[in-house]
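Structure data (PDB, C-alpha atoms) from work.pdb:
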ATOM      1  CA  MET X   5     -94.181 196.849 190.903  1.00  0.00           C
ATOM      2  CA  ALA X   6     -95.185 200.170 192.383  1.00  0.00           C
ATOM      3  CA  LEU X   7     -98.612 200.704 193.951  1.00  0.00           C
ATOM      4  CA  GLY X   8    -100.154 204.111 193.291  1.00  0.00           C
ATOM      5  CA  HIS X   9    -103.339 205.984 194.180  1.00  0.00           C
ATOM      6  CA  SER X  10    -105.340 208.747 192.526  1.00  0.00           C
ATOM      7  CA  ALA X  11    -108.448 210.258 194.114  1.00  0.00           C
ATOM      8  CA  ASP X  12    -110.140 211.136 190.836  1.00  0.00           C
ATOM      9  CA  LEU X  13    -108.087 210.000 187.791  1.00  0.00           C
ATOM     10  CA  ASP X  14    -108.416 213.537 186.506  1.00  0.00           C
ATOM     11  CA  PRO X  15    -106.830 213.477 183.036  1.00  0.00           C
ATOM     12  CA  SER X  16    -105.691 217.072 183.417  1.00  0.00           C
ATOM     13  CA  SER X  17    -103.397 216.156 186.300  1.00  0.00           C
ATOM     14  CA  SER X  18    -102.496 212.514 185.598  1.00  0.00           C
ATOM     15  CA  GLN X  19    -101.003 212.406 189.050  1.00  0.00           C
ATOM     16  CA  PHE X  20    -100.674 209.275 191.118  1.00  0.00           C
ATOM     17  CA  THR X  21     -99.302 209.173 194.616  1.00  0.00           C
ATOM     18  CA  LYS X  22     -96.866 206.313 195.068  1.00  0.00           C
ATOM     19  CA  LEU X  23     -97.923 204.300 198.107  1.00  0.00           C
ATOM     20  CA  GLY X  24     -95.130 201.755 198.021  1.00  0.00           C
ATOM     21  CA  THR X  25     -94.446 198.370 196.496  1.00  0.00           C
ATOM     22  CA  CYS X  26     -97.388 196.240 195.410  1.00  0.00           C
ATOM     23  CA  LEU X  27     -95.904 192.778 195.925  1.00  0.00           C
ATOM     24  CA  GLY X  28     -94.950 191.521 199.362  1.00  0.00           C
ATOM     25  CA  GLY X  29     -93.444 188.362 200.729  1.00  0.00           C
ATOM     26  CA  THR X  30     -91.101 186.200 198.693  1.00  0.00           C
ATOM     27  CA  PRO X  31     -92.199 185.595 195.095  1.00  0.00           C
ATOM     28  CA  PRO X  32     -92.065 181.980 193.887  1.00  0.00           C
ATOM     29  CA  ALA X  33     -89.612 180.918 191.186  1.00  0.00           C
ATOM     30  CA  TRP X  34     -91.981 181.718 188.306  1.00  0.00           C
ATOM     31  CA  ALA X  35     -92.276 185.349 189.505  1.00  0.00           C
ATOM     32  CA  SER X  36     -88.771 186.006 190.763  1.00  0.00           C
ATOM     33  CA  SER X  37     -87.001 187.557 187.771  1.00  0.00           C
ATOM     34  CA  GLY X  38     -88.278 191.040 188.542  1.00  0.00           C
ATOM     35  CA  ASN X  39     -88.843 191.739 184.839  1.00  0.00           C
ATOM     36  CA  ARG X  40     -92.582 192.173 185.339  1.00  0.00           C
ATOM     37  CA  TRP X  41     -95.045 193.339 182.732  1.00  0.00           C
ATOM     38  CA  ALA X  42     -98.503 194.956 182.612  1.00  0.00           C
ATOM     39  CA  PRO X  43    -100.031 194.482 186.082  1.00  0.00           C
ATOM     40  CA  GLU X  44    -103.829 194.319 186.246  1.00  0.00           C
ATOM     41  CA  ASN X  45    -105.824 194.602 189.483  1.00  0.00           C
ATOM     42  CA  TYR X  46    -109.043 192.650 190.019  1.00  0.00           C
ATOM     43  CA  VAL X  47    -111.323 192.726 193.076  1.00  0.00           C
ATOM     44  CA  THR X  48    -113.567 189.682 193.552  1.00  0.00           C
ATOM     45  CA  THR X  49    -117.302 190.345 193.370  1.00  0.00           C
ATOM     46  CA  ASP X  50    -117.650 189.698 197.113  1.00  0.00           C
ATOM     47  CA  GLY X  51    -114.879 192.243 197.793  1.00  0.00           C
ATOM     48  CA  LYS X  52    -112.940 189.709 199.851  1.00  0.00           C
ATOM     49  CA  TYR X  53    -109.792 189.511 197.730  1.00  0.00           C
ATOM     50  CA  ASN X  54    -107.703 191.736 195.491  1.00  0.00           C
ATOM     51  CA  TYR X  55    -105.644 190.039 192.798  1.00  0.00           C
ATOM     52  CA  VAL X  56    -102.913 191.486 190.649  1.00  0.00           C
ATOM     53  CA  PHE X  57    -102.212 189.605 187.415  1.00  0.00           C
ATOM     54  CA  PHE X  58     -98.824 190.209 185.807  1.00  0.00           C
ATOM     55  CA  GLY X  59     -96.287 188.705 183.446  1.00  0.00           C
ATOM     56  CA  ASP X  60     -92.776 187.773 184.530  1.00  0.00           C
ATOM     57  CA  ASP X  61     -89.788 186.427 182.575  1.00  0.00           C
ATOM     58  CA  GLN X  62     -89.149 182.710 182.981  1.00  0.00           C
ATOM     59  CA  SER X  63     -85.619 181.538 183.647  1.00  0.00           C
ATOM     60  CA  SER X  64     -86.101 178.520 181.375  1.00  0.00           C
ATOM     61  CA  ASP X  65     -86.685 180.501 178.166  1.00  0.00           C
ATOM     62  CA  GLY X  66     -86.865 184.225 179.011  1.00  0.00           C
ATOM     63  CA  LYS X  67     -90.520 184.421 177.898  1.00  0.00           C
ATOM     64  CA  HIS X  68     -93.177 186.193 179.930  1.00  0.00           C
ATOM     65  CA  ARG X  69     -95.894 184.062 181.495  1.00  0.00           C
ATOM     66  CA  ILE X  70     -98.874 185.426 183.431  1.00  0.00           C
ATOM     67  CA  GLY X  71     -99.689 184.535 187.014  1.00  0.00           C
ATOM     68  CA  TRP X  72    -101.120 186.317 190.029  1.00  0.00           C
ATOM     69  CA  ALA X  73    -100.594 187.522 193.560  1.00  0.00           C
ATOM     70  CA  ARG X  74    -103.426 187.987 196.067  1.00  0.00           C
ATOM     71  CA  SER X  75    -104.158 190.400 198.891  1.00  0.00           C
ATOM     72  CA  SER X  76    -106.707 189.676 201.614  1.00  0.00           C
ATOM     73  CA  SER X  77    -106.434 193.189 203.048  1.00  0.00           C
ATOM     74  CA  GLY X  78    -107.159 195.356 200.024  1.00  0.00           C
ATOM     75  CA  ALA X  79    -104.870 197.385 197.820  1.00  0.00           C
ATOM     76  CA  SER X  80    -102.108 198.385 200.192  1.00  0.00           C
ATOM     77  CA  PRO X  81     -98.306 198.245 200.056  1.00  0.00           C
ATOM     78  CA  ASP X  82     -96.765 194.763 200.286  1.00  0.00           C
ATOM     79  CA  ALA X  83    -100.244 193.215 200.769  1.00  0.00           C
ATOM     80  CA  TYR X  84    -100.165 191.103 197.590  1.00  0.00           C
ATOM     81  CA  SER X  85     -98.138 188.341 199.206  1.00  0.00           C
ATOM     82  CA  THR X  86     -99.958 185.110 198.339  1.00  0.00           C
ATOM     83  CA  TYR X  87     -98.820 183.955 194.897  1.00  0.00           C
ATOM     84  CA  SER X  88    -100.098 181.431 192.416  1.00  0.00           C
ATOM     85  CA  SER X  89     -97.911 178.338 192.654  1.00  0.00           C
ATOM     86  CA  SER X  90     -97.235 178.573 188.925  1.00  0.00           C
ATOM     87  CA  TYR X  91     -98.117 180.847 186.044  1.00  0.00           C
ATOM     88  CA  LEU X  92    -101.397 180.199 184.215  1.00  0.00           C
ATOM     89  CA  ASN X  93    -101.292 177.700 181.362  1.00  0.00           C
ATOM     90  CA  LEU X  94    -102.653 179.945 178.612  1.00  0.00           C
ATOM     91  CA  GLY X  95    -101.589 177.713 175.742  1.00  0.00           C
ATOM     92  CA  MET X  96     -97.826 178.089 176.142  1.00  0.00           C
ATOM     93  CA  ALA X  97     -97.336 180.233 173.017  1.00  0.00           C
ATOM     94  CA  SER X  98     -93.727 180.168 171.884  1.00  0.00           C
ATOM     95  CA  GLY X  99     -93.462 183.964 172.206  1.00  0.00           C
ATOM     96  CA  GLY X 100     -94.899 184.139 175.721  1.00  0.00           C
ATOM     97  CA  ASP X 101     -97.960 185.854 177.206  1.00  0.00           C
ATOM     98  CA  ILE X 102     -98.200 189.557 178.117  1.00  0.00           C
ATOM     99  CA  ASP X 103    -100.587 192.506 178.536  1.00  0.00           C
ATOM    100  CA  SER X 104    -103.285 190.786 180.585  1.00  0.00           C
ATOM    101  CA  THR X 105    -106.534 192.470 181.520  1.00  0.00           C
ATOM    102  CA  ILE X 106    -109.631 191.188 183.321  1.00  0.00           C
ATOM    103  CA  PHE X 107    -113.174 191.470 181.942  1.00  0.00           C
ATOM    104  CA  THR X 108    -116.374 190.516 183.785  1.00  0.00           C
ATOM    105  CA  ASP X 109    -119.357 189.910 181.517  1.00  0.00           C
ATOM    106  CA  THR X 110    -122.977 190.812 182.281  1.00  0.00           C
ATOM    107  CA  ASN X 111    -123.639 187.134 183.144  1.00  0.00           C
ATOM    108  CA  GLY X 112    -121.020 187.312 185.926  1.00  0.00           C
ATOM    109  CA  LYS X 113    -118.385 185.238 184.125  1.00  0.00           C
ATOM    110  CA  THR X 114    -114.870 186.643 184.358  1.00  0.00           C
ATOM    111  CA  TYR X 115    -112.180 186.373 181.696  1.00  0.00           C
ATOM    112  CA  ILE X 116    -108.493 187.096 181.423  1.00  0.00           C
ATOM    113  CA  VAL X 117    -107.669 188.703 178.057  1.00  0.00           C
ATOM    114  CA  TRP X 118    -104.043 188.894 176.852  1.00  0.00           C
ATOM    115  CA  LYS X 119    -101.650 189.119 173.925  1.00  0.00           C
ATOM    116  CA  THR X 120     -99.358 186.326 172.857  1.00  0.00           C
ATOM    117  CA  ASP X 121     -96.003 187.942 172.166  1.00  0.00           C
ATOM    118  CA  ASP X 122     -95.788 186.350 168.727  1.00  0.00           C
ATOM    119  CA  ASN X 123     -93.672 189.137 167.253  1.00  0.00           C
ATOM    120  CA  SER X 124     -90.875 188.278 169.714  1.00  0.00           C
ATOM    121  CA  VAL X 125     -90.363 185.013 167.811  1.00  0.00           C
ATOM    122  CA  GLY X 126     -90.617 186.533 164.334  1.00  0.00           C
ATOM    123  CA  SER X 127     -94.325 185.982 163.591  1.00  0.00           C
ATOM    124  CA  SER X 128     -95.884 188.472 161.177  1.00  0.00           C
ATOM    125  CA  LYS X 129     -99.112 188.534 163.214  1.00  0.00           C
ATOM    126  CA  THR X 130     -99.957 188.852 166.884  1.00  0.00           C
ATOM    127  CA  ARG X 131    -103.029 187.499 168.666  1.00  0.00           C
ATOM    128  CA  ILE X 132    -105.423 188.557 171.428  1.00  0.00           C
ATOM    129  CA  TRP X 133    -106.888 185.719 173.500  1.00  0.00           C
ATOM    130  CA  ALA X 134    -109.476 185.132 176.260  1.00  0.00           C
ATOM    131  CA  GLN X 135    -109.769 182.462 178.950  1.00  0.00           C
ATOM    132  CA  GLU X 136    -112.563 182.159 181.507  1.00  0.00           C
ATOM    133  CA  LEU X 137    -111.474 182.202 185.151  1.00  0.00           C
ATOM    134  CA  SER X 138    -113.283 181.350 188.366  1.00  0.00           C
ATOM    135  CA  PHE X 139    -112.468 182.759 191.785  1.00  0.00           C
ATOM    136  CA  ALA X 140    -113.314 180.628 194.829  1.00  0.00           C
ATOM    137  CA  ASN X 141    -111.802 180.187 198.282  1.00  0.00           C
ATOM    138  CA  GLY X 142    -108.915 182.547 197.567  1.00  0.00           C
ATOM    139  CA  THR X 143    -107.665 180.863 194.442  1.00  0.00           C
ATOM    140  CA  VAL X 144    -108.016 181.171 190.668  1.00  0.00           C
ATOM    141  CA  ALA X 145    -109.047 178.330 188.351  1.00  0.00           C
ATOM    142  CA  GLN X 146    -109.179 178.214 184.575  1.00  0.00           C
ATOM    143  CA  VAL X 147    -112.538 177.181 183.100  1.00  0.00           C
ATOM    144  CA  GLY X 148    -112.518 175.544 179.672  1.00  0.00           C
ATOM    145  CA  GLY X 149    -109.850 176.485 177.157  1.00  0.00           C
ATOM    146  CA  GLU X 150    -108.389 179.633 175.680  1.00  0.00           C
ATOM    147  CA  VAL X 151    -109.990 181.257 172.616  1.00  0.00           C
ATOM    148  CA  VAL X 152    -108.476 183.632 170.034  1.00  0.00           C
ATOM    149  CA  LEU X 153    -110.508 186.857 169.950  1.00  0.00           C
ATOM    150  CA  MET X 154    -108.576 188.423 167.086  1.00  0.00           C
ATOM    151  CA  ASP X 155    -105.280 188.515 165.308  1.00  0.00           C
ATOM    152  CA  SER X 156    -103.551 191.290 163.443  1.00  0.00           C
ATOM    153  CA  THR X 157    -103.902 189.694 160.005  1.00  0.00           C
ATOM    154  CA  GLY X 158    -105.119 192.265 157.484  1.00  0.00           C
ATOM    155  CA  LEU X 159    -104.407 195.306 159.614  1.00  0.00           C
ATOM    156  CA  TRP X 160    -102.729 196.939 156.658  1.00  0.00           C
ATOM    157  CA  TRP X 161    -102.412 200.359 158.277  1.00  0.00           C
ATOM    158  CA  ILE X 162     -99.960 199.274 160.964  1.00  0.00           C
ATOM    159  CA  ASP X 163     -96.556 197.583 160.802  1.00  0.00           C
ATOM    160  CA  SER X 164     -94.730 195.671 163.484  1.00  0.00           C
ATOM    161  CA  TRP X 165     -91.057 195.185 164.154  1.00  0.00           C
ATOM    162  CA  VAL X 166     -91.248 192.062 161.977  1.00  0.00           C
ATOM    163  CA  SER X 167     -90.889 192.727 158.255  1.00  0.00           C
ATOM    164  CA  GLY X 168     -94.344 192.605 156.650  1.00  0.00           C
ATOM    165  CA  GLY X 169     -95.995 192.074 160.023  1.00  0.00           C
ATOM    166  CA  SER X 170     -98.718 193.825 161.990  1.00  0.00           C
ATOM    167  CA  LEU X 171     -99.003 194.172 165.745  1.00  0.00           C
ATOM    168  CA  VAL X 172    -101.835 194.434 168.284  1.00  0.00           C
ATOM    169  CA  GLU X 173    -101.295 194.586 172.024  1.00  0.00           C
ATOM    170  CA  GLY X 174    -102.640 196.005 175.290  1.00  0.00           C
ATOM    171  CA  PRO X 175    -106.232 194.688 174.982  1.00  0.00           C
ATOM    172  CA  GLU X 176    -109.271 195.909 176.909  1.00  0.00           C
ATOM    173  CA  VAL X 177    -112.821 194.579 176.537  1.00  0.00           C
ATOM    174  CA  LEU X 178    -115.941 196.615 177.332  1.00  0.00           C
ATOM    175  CA  TYR X 179    -119.638 195.840 177.057  1.00  0.00           C
ATOM    176  CA  HIS X 180    -121.983 198.673 176.054  1.00  0.00           C
ATOM    177  CA  SER X 181    -125.569 198.651 174.750  1.00  0.00           C
ATOM    178  CA  GLY X 182    -125.456 195.067 173.486  1.00  0.00           C
ATOM    179  CA  TRP X 183    -121.994 195.364 171.928  1.00  0.00           C
ATOM    180  CA  TYR X 184    -118.661 193.958 173.020  1.00  0.00           C
ATOM    181  CA  LEU X 185    -115.975 196.498 172.269  1.00  0.00           C
ATOM    182  CA  SER X 186    -112.344 195.534 172.044  1.00  0.00           C
ATOM    183  CA  LEU X 187    -109.930 198.362 172.634  1.00  0.00           C
ATOM    184  CA  ILE X 188    -106.453 197.446 171.535  1.00  0.00           C
ATOM    185  CA  HIS X 189    -103.179 199.237 171.291  1.00  0.00           C
ATOM    186  CA  ILE X 190    -101.659 199.134 167.845  1.00  0.00           C
ATOM    187  CA  SER X 191     -98.087 200.183 167.449  1.00  0.00           C
ATOM    188  CA  GLU X 192     -95.148 200.335 165.147  1.00  0.00           C
ATOM    189  CA  PRO X 193     -91.601 201.512 165.700  1.00  0.00           C
ATOM    190  CA  THR X 194     -92.356 205.159 164.877  1.00  0.00           C
ATOM    191  CA  ARG X 195     -95.957 205.748 165.988  1.00  0.00           C
ATOM    192  CA  GLN X 196     -98.630 204.488 168.361  1.00  0.00           C
ATOM    193  CA  ALA X 197    -102.380 204.717 168.291  1.00  0.00           C
ATOM    194  CA  GLU X 198    -105.381 203.523 170.273  1.00  0.00           C
ATOM    195  CA  ILE X 199    -108.421 202.078 168.538  1.00  0.00           C
TER     196      ILE X 199
END
Will you turn the file into structure tokens for me?
Amino acid sequence: MALGHSADLDPSSSQFTKLGTCLGGTPPAWASSGNRWAPENYVTTDGKYNYVFFGDDQSSDGKHRIGWARSSSGASPDAYSTYSSSYLNLGMASGGDIDSTIFTDTNGKTYIVWKTDDNSVGSSKTRIWAQELSFANGTVAQVGGEVVLMDSTGLWWIDSWVSGGSLVEGPEVLYHSGWYLSLIHISEPTRQAEI
């Protein structure tokens, strides 16, 4: 995974300078396929650690599972070199887990939000999930269980690659003026849209 930098995220330029490779060291077995998906950076509230969450294909079944790598020296090339010993157990959906993002609520609780890749196993709907995480002493722990935030049932305006199906992916969660807003990517083979 490449590590890039932009001084201002100016949409008119959309230019990132490639700094190098994000991951350093030797990835563990769960993260060694190199078929990585949707990295998401998270800096702990004390600023001590940077984490990158990402999906990687598993040799046992070829499905993506989400785990993390940690940097103790900030976002710099090859610095993310401490890996989770295994991927997160996010319910073990038969299609796998992809498109993770991190959301911190106003109460300080932090959640990983992701898509189960249900369409990859022929499901006519896809789901967006959330799981609370805690960050202490340089590690990540899951708190409680995973919860479905939404599924694509009834999204009549968008088709998936599965006949009669609908697809949501790429979730983001924002909090604004008392409302939780879920931004998702909806797609079909011939068009894409953001809602």
Query raised in the report: In Å to one decimal, how far is CA of Trp34 in chain X from CA of Asp122 in chain X?
Result: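 Spanning CA of Asp122 in chain X to CA of Trp34 in chain X is a straight-line distance of 20.5 Å.
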Query raised in the report: From the set X:Ser10, X:Thr143, X:Thr49, X:Thr108, which residue has the shortest atom-to-atom contact distance to Gly71 in chain X, counting all atoms listed in the file?
Result: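 Among the listed residues, X:Thr143 lies closest to Gly71 in chain X.
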Requested in this report: Identify all residues satisfying the PyMOL selection byres ((chain X and resi 21) around 6) in the given file; provide them as a list in words.
Outcome: Gly8, His9, Phe20 and Lys22 of chain X
Write the residues you've just listed into a file as a PDB file, in the coordinates of the input, and include C-alpha atoms for each of them.
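The resulting result.pdb:
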ATOM      1  CA  GLY X   8    -100.154 204.111 193.291  1.00  0.00           C
ATOM      2  CA  HIS X   9    -103.339 205.984 194.180  1.00  0.00           C
ATOM      3  CA  PHE X  20    -100.674 209.275 191.118  1.00  0.00           C
ATOM      4  CA  LYS X  22     -96.866 206.313 195.068  1.00  0.00           C
TER       5      LYS X  22
END
Report as a tab-separated table the residues of range 62-102 of chain X within 8 Å of range 114-121 of chain X, each with its shortest atom pair and distance in Å (one decimal), using only C-alpha atoms, ordered by chain and increasing residue number.
residue	atom	partner	partner_atom	distance
X:Ala97	CA	X:Thr120	CA	6.4
X:Gly99	CA	X:Asp121	CA	4.7
X:Gly100	CA	X:Asp121	CA	5.3
X:Asp101	CA	X:Thr120	CA	4.6
X:Ile102	CA	X:Lys119	CA	5.4
Selection file, C-alpha atoms, as a PDB file, keeping the file's coordinate frame:
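As a result, part30.pdb now contains:
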ATOM      1  CA  ALA X  97     -97.336 180.233 173.017  1.00  0.00           C
ATOM      2  CA  GLY X  99     -93.462 183.964 172.206  1.00  0.00           C
ATOM      3  CA  GLY X 100     -94.899 184.139 175.721  1.00  0.00           C
ATOM      4  CA  ASP X 101     -97.960 185.854 177.206  1.00  0.00           C
ATOM      5  CA  ILE X 102     -98.200 189.557 178.117  1.00  0.00           C
TER       6      ILE X 102
END
Requested in this report: For CA of Tyr55 in chain X and CA of Tyr184 in chain X, determine how far apart the two atoms are, in Å to one decimal place.
Outcome: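 It comes out at 24.0 Å.
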Query raised in the report: Which residue gives the smallest distance to Ala79 in chain X among X:Thr25, X:Ser156, X:Asn54, X:Gln146, with all atoms listed in the file counted?
Result: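 For Ala79 in chain X, the nearest of the candidates is X:Asn54.
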Requested in this report: Do a neighbour search on Ser98 in chain X at 12 Å with only C-alpha atoms, toss out local chain neighbours closer than 5 positions, and write the hits as a ChimeraX atom specification.
Outcome: /X:65-69,120-127,130
Got time to write the residues from that selection, C-alpha atoms, as a PDB file, in the coordinates of the input?
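Written out: selection-v7.pdb:
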ATOM      1  CA  ASP X  65     -86.685 180.501 178.166  1.00  0.00           C
ATOM      2  CA  GLY X  66     -86.865 184.225 179.011  1.00  0.00           C
ATOM      3  CA  LYS X  67     -90.520 184.421 177.898  1.00  0.00           C
ATOM      4  CA  HIS X  68     -93.177 186.193 179.930  1.00  0.00           C
ATOM      5  CA  ARG X  69     -95.894 184.062 181.495  1.00  0.00           C
ATOM      6  CA  THR X 120     -99.358 186.326 172.857  1.00  0.00           C
ATOM      7  CA  ASP X 121     -96.003 187.942 172.166  1.00  0.00           C
ATOM      8  CA  ASP X 122     -95.788 186.350 168.727  1.00  0.00           C
ATOM      9  CA  ASN X 123     -93.672 189.137 167.253  1.00  0.00           C
ATOM     10  CA  SER X 124     -90.875 188.278 169.714  1.00  0.00           C
ATOM     11  CA  VAL X 125     -90.363 185.013 167.811  1.00  0.00           C
ATOM     12  CA  GLY X 126     -90.617 186.533 164.334  1.00  0.00           C
ATOM     13  CA  SER X 127     -94.325 185.982 163.591  1.00  0.00           C
ATOM     14  CA  THR X 130     -99.957 188.852 166.884  1.00  0.00           C
TER      15      THR X 130
END
Query raised in the report: What is the CA of Gly149 in chain X-CA of Gln135 in chain X distance in Å, reported with one decimal?
Result: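 Spanning CA of Gly149 in chain X to CA of Gln135 in chain X is a straight-line distance of 6.2 Å.
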Requested in this report: Go ahead and find all residues with at least one atom no further than 12 Å from (-125.4, 195.2, 178.8) in the file's coordinates, using only C-alpha atoms; report them as a PyMOL selection string.
Outcome: chain X and resi 108-112+178-185
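Checking X:Gly38, X:Pro32, X:Gly174, X:Gly158 one by one against Ser88 in chain X, counting all atoms listed in the file, you find the shortest gap at X:Pro32.
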Kindly complete range 58-73 of chain X to N, CA and C atoms; the output should be written as a tab-separated table (two decimals), in the frame of the given file.
chain	number	residue	atom	x	y	z
X	58	PHE	N	-99.99	189.59	186.44
X	58	PHE	CA	-98.82	190.21	185.81
X	58	PHE	C	-98.00	189.14	185.10
X	59	GLY	N	-97.22	189.58	184.13
X	59	GLY	CA	-96.29	188.70	183.45
X	59	GLY	C	-94.90	188.84	184.05
X	60	ASP	N	-94.15	187.77	184.03
X	60	ASP	CA	-92.78	187.77	184.53
X	60	ASP	C	-91.95	186.86	183.64
X	61	ASP	N	-90.70	187.25	183.38
X	61	ASP	CA	-89.79	186.43	182.58
X	61	ASP	C	-89.53	185.09	183.26
X	62	GLN	N	-89.47	184.04	182.46
X	62	GLN	CA	-89.15	182.71	182.98
X	62	GLN	C	-87.67	182.40	182.75
X	63	SER	N	-87.05	181.84	183.77
X	63	SER	CA	-85.62	181.54	183.65
X	63	SER	C	-85.34	180.48	182.59
X	64	SER	N	-86.33	179.62	182.33
X	64	SER	CA	-86.10	178.52	181.38
X	64	SER	C	-85.96	179.01	179.94
X	65	ASP	N	-86.73	180.04	179.56
X	65	ASP	CA	-86.68	180.50	178.17
X	65	ASP	C	-86.74	182.01	178.00
X	66	GLY	N	-86.83	182.76	179.09
X	66	GLY	CA	-86.86	184.22	179.01
X	66	GLY	C	-88.19	184.80	178.54
X	67	LYS	N	-89.21	183.95	178.36
X	67	LYS	CA	-90.52	184.42	177.90
X	67	LYS	C	-91.39	184.79	179.08
X	68	HIS	N	-92.23	185.82	178.89
X	68	HIS	CA	-93.18	186.19	179.93
X	68	HIS	C	-94.30	185.17	180.01
X	69	ARG	N	-94.70	184.86	181.20
X	69	ARG	CA	-95.89	184.06	181.50
X	69	ARG	C	-96.68	184.82	182.56
X	70	ILE	N	-98.00	184.64	182.56
X	70	ILE	CA	-98.87	185.43	183.43
X	70	ILE	C	-99.34	184.58	184.61
X	71	GLY	N	-99.19	185.14	185.78
X	71	GLY	CA	-99.69	184.54	187.01
X	71	GLY	C	-100.30	185.62	187.88
X	72	TRP	N	-100.46	185.34	189.16
X	72	TRP	CA	-101.12	186.32	190.03
X	72	TRP	C	-100.54	186.31	191.44
X	73	ALA	N	-100.84	187.41	192.12
X	73	ALA	CA	-100.59	187.52	193.56
X	73	ALA	C	-101.89	188.04	194.17
